[in-house]
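> Got a file for you: target.pdb, PDB, C-alpha atoms.
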MODEL        1
ATOM      1  CA  MET P 117      -5.736   4.904  -1.133
ATOM      2  CA  THR P 118      -4.424   1.480  -0.122
ATOM      3  CA  SER P 119      -1.891   0.041  -2.567
ATOM      4  CA  ALA P 120      -2.103  -3.542  -3.841
ATOM      5  CA  VAL P 121       1.151  -4.566  -2.187
ATOM      6  CA  ILE P 122       2.636  -6.147   0.921
ATOM      7  CA  PHE P 123       6.146  -5.032   1.887
ATOM      8  CA  GLY P 124       8.953  -6.200   4.132
ATOM      9  CA  CYS P 125      11.174  -4.003   6.257
ATOM     10  CA  ALA P 126      14.923  -3.985   6.765
ATOM     11  CA  GLY P 127      15.507  -4.586  10.451
ATOM     12  CA  THR P 128      14.130  -5.007  13.951
ATOM     13  CA  GLU P 129      12.639  -1.504  13.979
ATOM     14  CA  ILE P 130      11.382   0.715  11.206
ATOM     15  CA  THR P 131      13.492   3.669  10.128
ATOM     16  CA  ALA P 132      12.262   7.201   9.601
ATOM     17  CA  ASP P 133      12.575   6.751   5.825
ATOM     18  CA  GLU P 134      10.565   3.524   5.922
ATOM     19  CA  ARG P 135       7.896   5.138   8.078
ATOM     20  CA  ALA P 136       7.510   8.053   5.650
ATOM     21  CA  PHE P 137       7.402   5.690   2.664
ATOM     22  CA  TYR P 138       4.770   3.428   4.199
ATOM     23  CA  ARG P 139       2.645   6.437   5.138
ATOM     24  CA  GLU P 140       2.824   7.728   1.571
ATOM     25  CA  VAL P 141       2.199   4.406  -0.227
ATOM     26  CA  ASP P 142      -0.220   2.800   2.283
ATOM     27  CA  PRO P 143       0.507  -0.876   1.516
ATOM     28  CA  LEU P 144      -2.171  -3.397   2.409
ATOM     29  CA  GLY P 145       0.203  -4.872   4.979
ATOM     30  CA  PHE P 146       3.660  -6.184   5.817
ATOM     31  CA  ILE P 147       5.688  -9.395   5.965
ATOM     32  CA  LEU P 148       8.407 -10.217   8.508
ATOM     33  CA  PHE P 149      11.498 -12.432   8.288
ATOM     34  CA  ALA P 150      14.162 -13.670  10.704
ATOM     35  CA  ARG P 151      16.066 -10.391  10.307
ATOM     36  CA  ASN P 152      13.077  -8.639  11.873
ATOM     37  CA  CYS P 153      12.615 -10.975  14.851
ATOM     38  CA  ALA P 154      14.659 -10.576  18.046
ATOM     39  CA  ASP P 155      12.351 -11.246  21.007
ATOM     40  CA  PRO P 156       8.649 -10.960  21.882
ATOM     41  CA  ASP P 157       8.788  -7.419  23.285
ATOM     42  CA  GLN P 158      10.655  -6.148  20.211
ATOM     43  CA  MET P 159       8.156  -7.899  17.937
ATOM     44  CA  ARG P 160       5.201  -6.275  19.654
ATOM     45  CA  ARG P 161       6.840  -2.865  19.210
ATOM     46  CA  LEU P 162       7.639  -3.531  15.561
ATOM     47  CA  THR P 163       4.185  -4.806  14.601
ATOM     48  CA  GLY P 164       2.613  -1.874  16.439
ATOM     49  CA  ASP P 165       4.886   0.625  14.700
ATOM     50  CA  LEU P 166       4.205  -0.881  11.278
ATOM     51  CA  ARG P 167       0.470  -0.570  11.770
ATOM     52  CA  GLU P 168       0.815   2.934  13.188
ATOM     53  CA  SER P 169       2.763   4.006  10.102
ATOM     54  CA  ILE P 170      -0.259   3.384   7.864
ATOM     55  CA  GLY P 171      -2.942   4.239  10.410
ATOM     56  CA  ARG P 172      -4.693   0.845  10.426
ATOM     57  CA  ASP P 173      -4.503  -1.124  13.658
ATOM     58  CA  ASP P 174      -5.846  -4.271  12.010
ATOM     59  CA  ALA P 175      -3.547  -4.281   8.960
ATOM     60  CA  PRO P 176      -2.313  -7.752   7.988
ATOM     61  CA  ILE P 177       1.185  -8.630   9.146
ATOM     62  CA  LEU P 178       2.466 -11.841   7.604
ATOM     63  CA  ILE P 179       5.192 -14.323   8.434
ATOM     64  CA  ASP P 180       6.406 -17.671   7.046
ATOM     65  CA  GLN P 181       6.193 -19.808  10.171
ATOM     66  CA  GLU P 182       5.716 -23.314   8.787
ATOM     67  CA  GLY P 183       7.842 -25.384  11.158
ATOM     68  CA  GLY P 184      11.044 -27.289  10.538
ATOM     69  CA  ARG P 185      13.600 -25.242   8.617
ATOM     70  CA  VAL P 186      11.111 -22.575   7.500
ATOM     71  CA  ALA P 187      10.662 -20.757  10.785
ATOM     72  CA  ARG P 188      11.366 -17.060  11.190
ATOM     73  CA  LEU P 189      10.655 -17.297  14.931
ATOM     74  CA  LYS P 190      13.121 -19.619  16.651
ATOM     75  CA  PRO P 191      14.048 -20.863  20.115
ATOM     76  CA  PRO P 192      14.701 -19.811  22.781
ATOM     77  CA  HIS P 193      11.889 -17.257  22.513
ATOM     78  CA  TRP P 194       9.590 -19.368  20.369
ATOM     79  CA  ARG P 195       8.660 -23.038  20.080
ATOM     80  CA  ALA P 196      10.466 -25.322  17.632
ATOM     81  CA  MET P 197       7.716 -26.787  15.446
ATOM     82  CA  PRO P 198       7.904 -30.033  13.462
ATOM     83  CA  ALA P 199       8.206 -29.833   9.683
ATOM     84  CA  ALA P 200       5.100 -30.731   7.690
ATOM     85  CA  ALA P 201       6.607 -34.035   6.560
ATOM     86  CA  ARG P 202       6.725 -35.209  10.181
ATOM     87  CA  PHE P 203       2.924 -35.065  10.311
ATOM     88  CA  GLY P 204       2.753 -36.872   6.981
ATOM     89  CA  GLU P 205       4.854 -39.674   8.457
ATOM     90  CA  LEU P 206       2.535 -39.875  11.469
ATOM     91  CA  ALA P 207      -0.420 -40.127   9.081
ATOM     92  CA  GLN P 208       1.024 -43.349   7.660
ATOM     93  CA  ILE P 209       0.468 -44.842  11.123
ATOM     94  CA  ASP P 210      -2.749 -43.069  12.129
ATOM     95  CA  ARG P 211      -4.344 -40.547   9.778
ATOM     96  CA  ALA P 212      -6.884 -39.181  12.253
ATOM     97  CA  ARG P 213      -4.230 -38.766  14.924
ATOM     98  CA  ALA P 214      -2.008 -36.880  12.497
ATOM     99  CA  ALA P 215      -4.821 -34.518  11.503
ATOM    100  CA  GLN P 216      -5.579 -33.806  15.163
ATOM    101  CA  ALA P 217      -1.886 -33.146  15.830
ATOM    102  CA  VAL P 218      -1.716 -30.741  12.887
ATOM    103  CA  ARG P 219      -4.747 -28.822  14.062
ATOM    104  CA  ILE P 220      -3.482 -28.503  17.649
ATOM    105  CA  ASN P 221      -0.007 -27.519  16.436
ATOM    106  CA  HIS P 222      -1.536 -24.698  14.418
ATOM    107  CA  GLU P 223      -3.836 -23.590  17.231
ATOM    108  CA  LEU P 224      -0.722 -23.210  19.376
ATOM    109  CA  LEU P 225       1.021 -21.437  16.524
ATOM    110  CA  ALA P 226      -1.841 -18.975  16.164
ATOM    111  CA  ALA P 227      -1.649 -18.133  19.865
ATOM    112  CA  GLU P 228       2.109 -17.545  19.567
ATOM    113  CA  LEU P 229       1.678 -15.282  16.543
ATOM    114  CA  ARG P 230      -1.208 -13.240  17.911
ATOM    115  CA  ALA P 231       0.782 -12.579  21.084
ATOM    116  CA  ILE P 232       3.327 -10.600  19.020
ATOM    117  CA  GLY P 233       0.894  -8.879  16.663
ATOM    118  CA  ILE P 234       1.033 -11.228  13.647
ATOM    119  CA  ASN P 235      -2.307 -12.138  12.097
ATOM    120  CA  VAL P 236      -1.436 -13.938   8.812
ATOM    121  CA  ASP P 237       0.768 -17.036   8.414
ATOM    122  CA  CYS P 238       2.001 -18.161   4.989
ATOM    123  CA  THR P 239       1.187 -21.813   5.553
ATOM    124  CA  PRO P 240       0.060 -24.560   4.854
ATOM    125  CA  CYS P 241       2.220 -25.656   1.950
ATOM    126  CA  LEU P 242       0.015 -27.850  -0.276
ATOM    127  CA  ASP P 243       2.735 -28.896  -2.717
ATOM    128  CA  LEU P 244       3.223 -32.624  -3.290
ATOM    129  CA  LYS P 245       6.439 -34.346  -2.217
ATOM    130  CA  ARG P 246       7.920 -36.284  -5.140
ATOM    131  CA  PRO P 247      11.286 -38.020  -5.608
ATOM    132  CA  GLU P 248      12.405 -35.182  -7.878
ATOM    133  CA  THR P 249      11.053 -32.320  -5.751
ATOM    134  CA  THR P 250      13.611 -29.593  -5.134
ATOM    135  CA  ASN P 251      14.973 -29.378  -1.599
ATOM    136  CA  ALA P 252      13.583 -25.841  -1.524
ATOM    137  CA  ILE P 253      10.268 -27.610  -0.868
ATOM    138  CA  GLY P 254      11.431 -30.936   0.559
ATOM    139  CA  ASP P 255      10.045 -31.611   4.031
ATOM    140  CA  ARG P 256       7.864 -28.525   3.831
ATOM    141  CA  ALA P 257       5.428 -30.795   1.949
ATOM    142  CA  PHE P 258       3.200 -33.070   4.003
ATOM    143  CA  ALA P 259       3.291 -36.046   1.630
ATOM    144  CA  ALA P 260       2.966 -37.327  -1.939
ATOM    145  CA  ASP P 261      -0.729 -38.291  -1.698
ATOM    146  CA  PRO P 262      -2.763 -35.254  -2.760
ATOM    147  CA  HIS P 263      -5.789 -36.267  -0.686
ATOM    148  CA  LEU P 264      -3.677 -36.686   2.449
ATOM    149  CA  VAL P 265      -2.039 -33.312   1.775
ATOM    150  CA  ALA P 266      -5.508 -31.774   1.484
ATOM    151  CA  ASP P 267      -6.670 -33.346   4.759
ATOM    152  CA  LEU P 268      -3.617 -32.214   6.716
ATOM    153  CA  GLY P 269      -3.682 -28.808   5.033
ATOM    154  CA  ARG P 270      -7.313 -28.408   6.058
ATOM    155  CA  ALA P 271      -6.439 -29.256   9.665
ATOM    156  CA  ALA P 272      -3.619 -26.685   9.647
ATOM    157  CA  ALA P 273      -5.838 -23.967   8.196
ATOM    158  CA  GLU P 274      -8.673 -24.653  10.609
ATOM    159  CA  GLY P 275      -6.278 -24.521  13.557
ATOM    160  CA  LEU P 276      -4.969 -21.131  12.493
ATOM    161  CA  LEU P 277      -8.441 -19.716  11.830
ATOM    162  CA  ALA P 278      -9.696 -20.964  15.198
ATOM    163  CA  GLY P 279      -6.741 -19.205  16.796
ATOM    164  CA  GLY P 280      -7.397 -15.886  15.074
ATOM    165  CA  VAL P 281      -4.819 -16.072  12.263
ATOM    166  CA  ILE P 282      -5.409 -16.164   8.495
ATOM    167  CA  PRO P 283      -3.739 -19.129   6.715
ATOM    168  CA  VAL P 284      -2.229 -18.743   3.245
ATOM    169  CA  ILE P 285      -2.159 -21.824   0.986
ATOM    170  CA  LYS P 286       0.842 -22.156  -1.301
ATOM    171  CA  HIS P 287       2.273 -22.426  -3.941
ATOM    172  CA  MET P 288      -0.585 -22.303  -6.450
ATOM    173  CA  PRO P 289      -1.143 -24.288  -8.604
ATOM    174  CA  GLY P 290       1.596 -26.611  -7.261
ATOM    175  CA  HIS P 291       5.366 -26.499  -6.755
ATOM    176  CA  GLY P 292       6.019 -30.190  -6.125
ATOM    177  CA  ARG P 293       7.228 -31.073  -9.630
ATOM    178  CA  ALA P 294       9.895 -28.354  -9.645
ATOM    179  CA  THR P 295      13.471 -29.631  -9.659
ATOM    180  CA  VAL P 296      14.909 -26.095  -9.462
ATOM    181  CA  ASP P 297      14.728 -23.675  -6.540
ATOM    182  CA  SER P 298      12.617 -20.709  -7.677
ATOM    183  CA  HIS P 299      14.551 -18.488  -5.265
ATOM    184  CA  LEU P 300      17.485 -18.953  -7.654
ATOM    185  CA  ASP P 301      16.046 -19.666 -11.121
ATOM    186  CA  LEU P 302      12.787 -20.228 -13.002
ATOM    187  CA  PRO P 303      11.594 -23.855 -12.912
ATOM    188  CA  THR P 304       9.692 -25.356 -15.842
ATOM    189  CA  ILE P 305       7.074 -28.080 -15.365
ATOM    190  CA  GLU P 306       6.742 -30.536 -18.272
ATOM    191  CA  ALA P 307       3.732 -32.553 -17.015
ATOM    192  CA  ASP P 308       0.624 -32.626 -19.169
ATOM    193  CA  PHE P 309      -2.529 -30.878 -18.059
ATOM    194  CA  ASP P 310      -4.515 -34.005 -17.135
ATOM    195  CA  ASP P 311      -1.724 -35.207 -14.845
ATOM    196  CA  LEU P 312      -1.688 -31.848 -13.087
ATOM    197  CA  VAL P 313      -5.470 -31.881 -12.678
ATOM    198  CA  ASP P 314      -5.379 -35.373 -11.152
ATOM    199  CA  SER P 315      -2.531 -34.699  -8.722
ATOM    200  CA  ASP P 316      -0.940 -31.292  -8.089
ATOM    201  CA  PHE P 317      -4.174 -29.315  -8.350
ATOM    202  CA  VAL P 318      -6.133 -31.620  -6.026
ATOM    203  CA  PRO P 319      -5.153 -30.167  -2.612
ATOM    204  CA  PHE P 320      -5.756 -26.622  -3.833
ATOM    205  CA  ARG P 321      -9.120 -27.579  -5.320
ATOM    206  CA  LYS P 322     -10.200 -29.261  -2.073
ATOM    207  CA  LEU P 323      -9.170 -26.174  -0.075
ATOM    208  CA  ASN P 324     -10.381 -23.582  -2.588
ATOM    209  CA  ASP P 325     -12.632 -21.958   0.019
ATOM    210  CA  LEU P 326      -9.704 -20.746   2.138
ATOM    211  CA  PRO P 327      -9.173 -16.985   2.374
ATOM    212  CA  TRP P 328      -5.637 -16.390   0.972
ATOM    213  CA  GLY P 329      -3.315 -18.088  -1.507
ATOM    214  CA  ILE P 330       0.192 -17.541  -2.933
ATOM    215  CA  THR P 331       1.201 -18.099  -6.553
ATOM    216  CA  ALA P 332       4.173 -20.149  -7.754
ATOM    217  CA  HIS P 333       7.004 -18.680  -9.850
ATOM    218  CA  LEU P 334       6.925 -21.718 -12.173
ATOM    219  CA  VAL P 335       6.278 -22.168 -15.896
ATOM    220  CA  TYR P 336       3.684 -24.864 -16.582
ATOM    221  CA  LYS P 337       4.328 -25.693 -20.231
ATOM    222  CA  ALA P 338       0.965 -27.386 -20.721
ATOM    223  CA  ILE P 339      -0.822 -24.171 -19.712
ATOM    224  CA  ASP P 340       1.437 -21.236 -20.608
ATOM    225  CA  SER P 341       4.870 -22.040 -21.984
ATOM    226  CA  GLU P 342       6.052 -18.426 -21.904
ATOM    227  CA  ARG P 343       5.120 -16.972 -18.525
ATOM    228  CA  PRO P 344       5.402 -18.184 -14.917
ATOM    229  CA  ALA P 345       2.124 -18.652 -13.086
ATOM    230  CA  THR P 346       2.528 -15.383 -11.188
ATOM    231  CA  LEU P 347       2.560 -13.438 -14.484
ATOM    232  CA  SER P 348       0.204 -15.637 -16.512
ATOM    233  CA  PRO P 349      -3.416 -14.596 -17.070
ATOM    234  CA  ARG P 350      -4.061 -18.099 -18.406
ATOM    235  CA  VAL P 351      -2.759 -19.867 -15.295
ATOM    236  CA  ILE P 352      -4.505 -17.492 -12.914
ATOM    237  CA  ASN P 353      -7.850 -17.203 -14.698
ATOM    238  CA  GLU P 354      -8.223 -20.642 -16.249
ATOM    239  CA  VAL P 355      -6.516 -22.750 -13.583
ATOM    240  CA  ILE P 356      -6.332 -21.012 -10.191
ATOM    241  CA  ARG P 357      -9.674 -19.232 -10.493
ATOM    242  CA  GLY P 358     -11.190 -21.727 -12.957
ATOM    243  CA  GLU P 359     -10.122 -25.379 -12.661
ATOM    244  CA  ILE P 360      -9.124 -25.073  -8.992
ATOM    245  CA  GLY P 361     -11.948 -22.647  -8.184
ATOM    246  CA  PHE P 362     -10.010 -20.539  -5.690
ATOM    247  CA  GLY P 363     -12.040 -17.502  -4.659
ATOM    248  CA  GLY P 364      -9.796 -15.925  -2.043
ATOM    249  CA  LEU P 365      -7.185 -13.170  -2.029
ATOM    250  CA  LEU P 366      -4.357 -14.136  -4.375
ATOM    251  CA  ILE P 367      -0.901 -12.746  -3.611
ATOM    252  CA  SER P 368       2.240 -13.248  -5.620
ATOM    253  CA  ASP P 369       5.198 -15.149  -4.270
ATOM    254  CA  ASP P 370       8.094 -12.862  -3.375
ATOM    255  CA  MET P 371       9.059 -10.546  -6.233
ATOM    256  CA  SER P 372      12.645 -10.544  -4.905
ATOM    257  CA  MET P 373      13.140 -14.148  -6.004
ATOM    258  CA  LYS P 374      15.392 -14.686  -9.007
ATOM    259  CA  ALA P 375      12.783 -16.717 -10.893
ATOM    260  CA  LEU P 376      11.256 -13.421 -12.040
ATOM    261  CA  LYS P 377      13.219 -11.322 -14.509
ATOM    262  CA  GLY P 378      12.742  -7.669 -15.378
ATOM    263  CA  SER P 379      12.235  -4.304 -13.751
ATOM    264  CA  LEU P 380      10.267  -4.415 -10.526
ATOM    265  CA  ASP P 381       7.824  -1.700 -11.564
ATOM    266  CA  ARG P 382       6.962  -3.611 -14.748
ATOM    267  CA  LEU P 383       6.734  -6.941 -12.913
ATOM    268  CA  ALA P 384       4.367  -5.421 -10.339
ATOM    269  CA  ALA P 385       2.115  -4.045 -13.060
ATOM    270  CA  ASP P 386       2.211  -7.317 -15.004
ATOM    271  CA  LEU P 387       1.354  -9.582 -12.089
ATOM    272  CA  ILE P 388      -1.603  -7.395 -11.133
ATOM    273  CA  ALA P 389      -2.747  -7.332 -14.772
ATOM    274  CA  ALA P 390      -2.423 -11.126 -14.898
ATOM    275  CA  GLY P 391      -4.888 -11.511 -12.036
ATOM    276  CA  CYS P 392      -2.908 -11.408  -8.773
ATOM    277  CA  ASP P 393      -4.674  -9.259  -6.200
ATOM    278  CA  ILE P 394      -1.516  -8.288  -4.320
ATOM    279  CA  ALA P 395       2.193  -7.932  -5.120
ATOM    280  CA  LEU P 396       4.500  -9.324  -2.421
ATOM    281  CA  HIS P 397       7.971  -7.826  -2.011
ATOM    282  CA  CYS P 398       9.963  -9.144   0.920
ATOM    283  CA  ASN P 399      13.610  -8.091   1.073
ATOM    284  CA  GLY P 400      13.102  -4.695   2.723
ATOM    285  CA  ASN P 401      15.179  -2.770   0.139
ATOM    286  CA  LEU P 402      13.621   0.694   0.105
ATOM    287  CA  GLU P 403      14.664   1.599  -3.439
ATOM    288  CA  GLU P 404      13.202  -1.639  -4.759
ATOM    289  CA  MET P 405      10.013  -1.013  -2.791
ATOM    290  CA  ARG P 406       9.635   2.378  -4.446
ATOM    291  CA  LEU P 407       9.733   0.704  -7.869
ATOM    292  CA  VAL P 408       7.179  -1.921  -6.849
ATOM    293  CA  ALA P 409       4.872   0.744  -5.445
ATOM    294  CA  SER P 410       4.998   2.686  -8.712
ATOM    295  CA  GLY P 411       3.829  -0.370 -10.639
ATOM    296  CA  CYS P 412       1.253  -2.153  -8.508
ATOM    297  CA  GLY P 413      -1.458   0.510  -8.338
ATOM    298  CA  PRO P 414      -4.329   0.735  -5.838
ATOM    299  CA  LEU P 415      -6.152  -2.205  -4.307
ATOM    300  CA  SER P 416      -9.024  -3.170  -6.613
ATOM    301  CA  SER P 417     -12.592  -3.354  -5.359
ATOM    302  CA  ALA P 418     -12.632  -7.111  -6.054
ATOM    303  CA  ALA P 419      -9.434  -7.606  -4.034
ATOM    304  CA  ALA P 420     -10.808  -5.469  -1.192
ATOM    305  CA  LEU P 421     -13.928  -7.654  -1.102
ATOM    306  CA  ARG P 422     -11.844 -10.851  -1.031
ATOM    307  CA  TYR P 423      -9.728  -9.412   1.762
ATOM    308  CA  GLU P 424     -12.773  -8.479   3.811
ATOM    309  CA  ARG P 425     -14.335 -11.919   3.316
ATOM    310  CA  GLY P 426     -11.141 -13.471   4.617
ATOM    311  CA  ARG P 427     -11.209 -11.289   7.713
ATOM    312  CA  GLN P 428     -14.704 -12.532   8.480
ATOM    313  CA  ARG P 429     -13.467 -16.142   8.547
ATOM    314  CA  VAL P 430     -11.180 -15.561  11.529
ATOM    315  CA  ASN P 431     -12.203 -16.314  15.096
ATOM    316  CA  ARG P 432     -12.060 -12.903  16.764
ATOM    317  CA  GLU P 433     -11.997 -14.214  20.347
ATOM    318  CA  PRO P 434      -9.824 -17.346  20.557
ATOM    319  CA  ASP P 435      -9.582 -18.774  24.049
ATOM    320  CA  PHE P 436      -7.075 -21.628  24.239
ATOM    321  CA  ASP P 437      -5.385 -23.219  27.210
ATOM    322  CA  THR P 438      -1.967 -23.373  25.573
ATOM    323  CA  GLU P 439      -0.405 -25.579  28.240
ATOM    324  CA  GLU P 440      -3.171 -28.130  27.795
ATOM    325  CA  LEU P 441      -2.814 -27.986  24.010
ATOM    326  CA  ALA P 442       0.961 -28.405  24.236
ATOM    327  CA  ASP P 443       0.549 -31.503  26.422
ATOM    328  CA  GLU P 444      -1.992 -32.963  24.016
ATOM    329  CA  LEU P 445       0.273 -32.327  21.032
ATOM    330  CA  ALA P 446       3.227 -33.980  22.771
ATOM    331  CA  GLY P 447       1.098 -37.050  23.426
ATOM    332  CA  LEU P 448      -0.073 -37.249  19.820
ATOM    333  CA  MET P 449       3.459 -36.887  18.444
ATOM    334  CA  ALA P 450       5.053 -39.365  20.865
TER     335      ALA P 450
ENDMDL
END
Using the file provided, produce a representation of the structure as C-alpha cells.

Amino acid sequence: MTSAVIFGCAGTEITADERAFYREVDPLGFILFARNCADPDQMRRLTGDLRESIGRDDAPILIDQEGGRVARLKPPHWRAMPAAARFGELAQIDRARAAQAVRINHELLAAELRAIGINVDCTPCLDLKRPETTNAIGDRAFAADPHLVADLGRAAAEGLLAGGVIPVIKHMPGHGRATVDSHLDLPTIEADFDDLVDSDFVPFRKLNDLPWGITAHLVYKAIDSERPATLSPRVINEVIRGEIGFGGLLISDDMSMKALKGSLDRLAADLIAAGCDIALHCNGNLEEMRLVASGCGPLSSAAALRYERGRQRVNREPDFDTEELADELAGLMA
C-alpha cells in the first residue's frame, strides 16, 4: 500500500539499502536536490531507478527548480533561469509582457524537467515580498502586490501544466511576513486575521484550483498560537481548505527543517492528522526516513483522489519548439 510520504535520496544513484527501503515502504514519490544532479544522462538513470524501485513508472518525482538562487539544476548542463523577482520588476513596466515571459519560461522549464524524468516542480512561490521578509524568501517572491503575484503565479503554473509538469504553490498560507528562516528556526507571524485575508492569502485564494500545494512551517498567532501551519488542524481546515478554498494535494514543507521540533515519527503522524495529505522528508538520511515512514501511514482515499485529479490536469503530449520559445523569452526579457 502506498505510503503518504515523499522521500529524498542521498546521492546521484540509489543504494541497495535505499532500493530495499523504497520497495518496502512504497512512498508516493521522491524529491531531488543538487546533491542528486550531475548531468542529464545520470538524471535519467536516477529517475528511472527510483520509479523502478517502487514499481510505478509514473510516480511523481519532484524538484525545487524556481530560478535564481533556488535551482537544483545548474549550468552548464541546464539553463540559468531568472529569479521570480526579475519578472515582478518587468511587470512594473509591462504587466502583460511579464506574464507572457513567465509562462514561456515555465514552458521551457517543463521541457527541461520532462527530458530527465521529473514531473513535479515545487514552484511558483506565492509569498509576498515585504521590507521585513527573510532573505530565505527574498527574490523568490514575485512582488509585494498580491494580485500581481497571483497573475504571475498563474502564468507560471499554466506554463508548467502545458509542458507536462505539475506545479506546486507555496508556502501556504503565506511566508512573506516571516523575518526568520524556517530552515533554521520557527517564525511567528503577529499580523491579525483580517490583514492576512486581505493580503497574504490572496494569491493562494486566486490559485486555489491548482493541483498541489506546500504548507509553511510558521506560527500564525491570530489563527493558532501554539502550532505551525504544517501541524495545525485549525490552519489547514479553517484557512487553507476553508478561507483559501484550496482543494488540491497538500504536502508538508520539508520535515528536515529546524522549524519543526520533535521525533520524526510523531511529527509525521501529527501533520497527517492535522490535514496534510503527504509528509515531505528531503535530506536522504535513511534512518530518519525509517522514522517518518513509521509515522505517516498509508495514503488516504481523499489524498489519492486529489492526486489523481492533479494528474488529469497535466498536458500528456506537450509539443514545444524550445528554440523558438527561448528566442521569444529572450526578446521579452530584453
> Leaving out stretch 391-407 of chain P and any residue of its chain fewer than 2 positions from it, which residues lie within 6 Å of it when counting all atoms listed in the file, given as JSON, numbers by chain?
{"P": [120, 121, 122, 123, 124, 125, 126, 366, 367, 368, 370, 371, 380, 381, 387, 388, 389, 409, 410, 419]}
> Enumerate, as a PyMOL selection string, the residues matched when the PyMOL selection byres ((chain P and resi 257) around 9) is run on the file above.
chain P and resi 199-201+204+240-245+253-256+258-260+265+292
> Which residues, named as in the file, does the PyMOL selection byres ((chain P and resi 434-446) around 8) pick out? Answer as an MDAnalysis selection string.
chainID P and resid 217 220:221 223:224 227 278:280 431:433 447:450
> Okay, now the selection with C-alpha atoms, as a PDB file, in the frame of the given file?

ATOM      1  CA  ALA P 217      -1.886 -33.146  15.830  1.00  0.00           C
ATOM      2  CA  ILE P 220      -3.482 -28.503  17.649  1.00  0.00           C
ATOM      3  CA  ASN P 221      -0.007 -27.519  16.436  1.00  0.00           C
ATOM      4  CA  GLU P 223      -3.836 -23.590  17.231  1.00  0.00           C
ATOM      5  CA  LEU P 224      -0.722 -23.210  19.376  1.00  0.00           C
ATOM      6  CA  ALA P 227      -1.649 -18.133  19.865  1.00  0.00           C
ATOM      7  CA  ALA P 278      -9.696 -20.964  15.198  1.00  0.00           C
ATOM      8  CA  GLY P 279      -6.741 -19.205  16.796  1.00  0.00           C
ATOM      9  CA  GLY P 280      -7.397 -15.886  15.074  1.00  0.00           C
ATOM     10  CA  ASN P 431     -12.203 -16.314  15.096  1.00  0.00           C
ATOM     11  CA  ARG P 432     -12.060 -12.903  16.764  1.00  0.00           C
ATOM     12  CA  GLU P 433     -11.997 -14.214  20.347  1.00  0.00           C
ATOM     13  CA  GLY P 447       1.098 -37.050  23.426  1.00  0.00           C
ATOM     14  CA  LEU P 448      -0.073 -37.249  19.820  1.00  0.00           C
ATOM     15  CA  MET P 449       3.459 -36.887  18.444  1.00  0.00           C
ATOM     16  CA  ALA P 450       5.053 -39.365  20.865  1.00  0.00           C
TER      17      ALA P 450
END
> Compile the contact shell of P:Arg422 as a ChimeraX atom specification: residues with an atom at most 8 Å away, counting all atoms listed in the file, same-chain residues fewer than 4 positions apart removed.
/P:327,363-365,418,426
> Kindly provide, as a PyMOL selection string, the polymer residues lying within 10 Å of (1.4, -13.0, 18.5), counting only C-alpha atoms and using the coordinates exactly as they appear in the file.
chain P and resi 156+159-160+163+225-235+280-281
> One decimal, Å: what's the distance from atom CA of P:Val318 over to atom CA of P:Pro176, could you say?
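Going from atom CA of P:Val318 over to atom CA of P:Pro176 covers 27.9 Å.
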> When the PyMOL selection byres ((chain P and resi 320) around 12) is applied to the structure above, which residues does it catch, written out as a count of residues only?
49
> One decimal, Å: what's the distance from atom CA of P:Val335 over to atom CA of P:Ile305, could you say?
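Computing it gives 6.0 Å between the two atoms.
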> Around all listed atoms of stretch 275-291 of chain P, padded 3 Å per side, what centre and edge lengths does the axis-aligned box have in Å to one decimal, as JSON?

{"center_x": -2.2, "center_y": -21.2, "center_z": 4.1, "size_x": 21.1, "size_y": 16.7, "size_z": 31.4}
> With all atoms listed in the file as the counted atoms, please give the residues lying no more than 6 Å from P:Thr295, apart from itself and same-chain residues fewer than 6 positions off, as a short mmCIF file (atom, residue, chain, number, x, y, z; two decimals) with C-alpha atoms, in the coordinates of the input.

data_model
loop_
_atom_site.label_atom_id
_atom_site.label_comp_id
_atom_site.auth_asym_id
_atom_site.auth_seq_id
_atom_site.Cartn_x
_atom_site.Cartn_y
_atom_site.Cartn_z
CA GLU P 248 12.40 -35.18 -7.88
CA THR P 249 11.05 -32.32 -5.75
CA THR P 250 13.61 -29.59 -5.13
#
> Point out the residue among P:Ile352, P:Ile282, P:Asn251, P:Asp301 with the least atom-to-atom distance to P:Gln428, counting all atoms listed in the file.
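Closest candidate: P:Ile282.
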> Identify which of the residues P:Asp340, P:Thr118, P:Asp386, P:Leu162 lies closest to P:Thr131, counting only C-alpha atoms when measuring atom-to-atom distances.
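Result for the nearest residue to P:Thr131: P:Leu162.
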> So the first atom is atom CA of P:Asp180 and the second is atom CA of P:Arg350; what is the distance between them in Å, to one decimal place?
27.5 Å
> Just checking: using all atoms listed in the file, which residue out of P:Ala390, P:Leu178, P:Val430, P:Ala187 ends up closest to P:Glu354?
P:Ala390
> For P:Val218, which residue among P:Leu268, P:Ile177, P:Ala332, P:Val351 is the nearest when counting all atoms listed in the file?
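Under the stated criterion, the closest residue is P:Leu268.
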> Using all atoms listed in the file, pick whichever of P:Met197, P:Ala212, P:Leu302, P:Ala384 has the shortest atom-to-atom distance to P:Pro344.
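Residue with the minimum atom-to-atom distance to P:Pro344: P:Leu302.
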> I'd like to know which of P:Gln158, P:Thr239, P:Gln181, P:Ser416 is closest to P:Ala272, using only C-alpha atoms.
P:Thr239
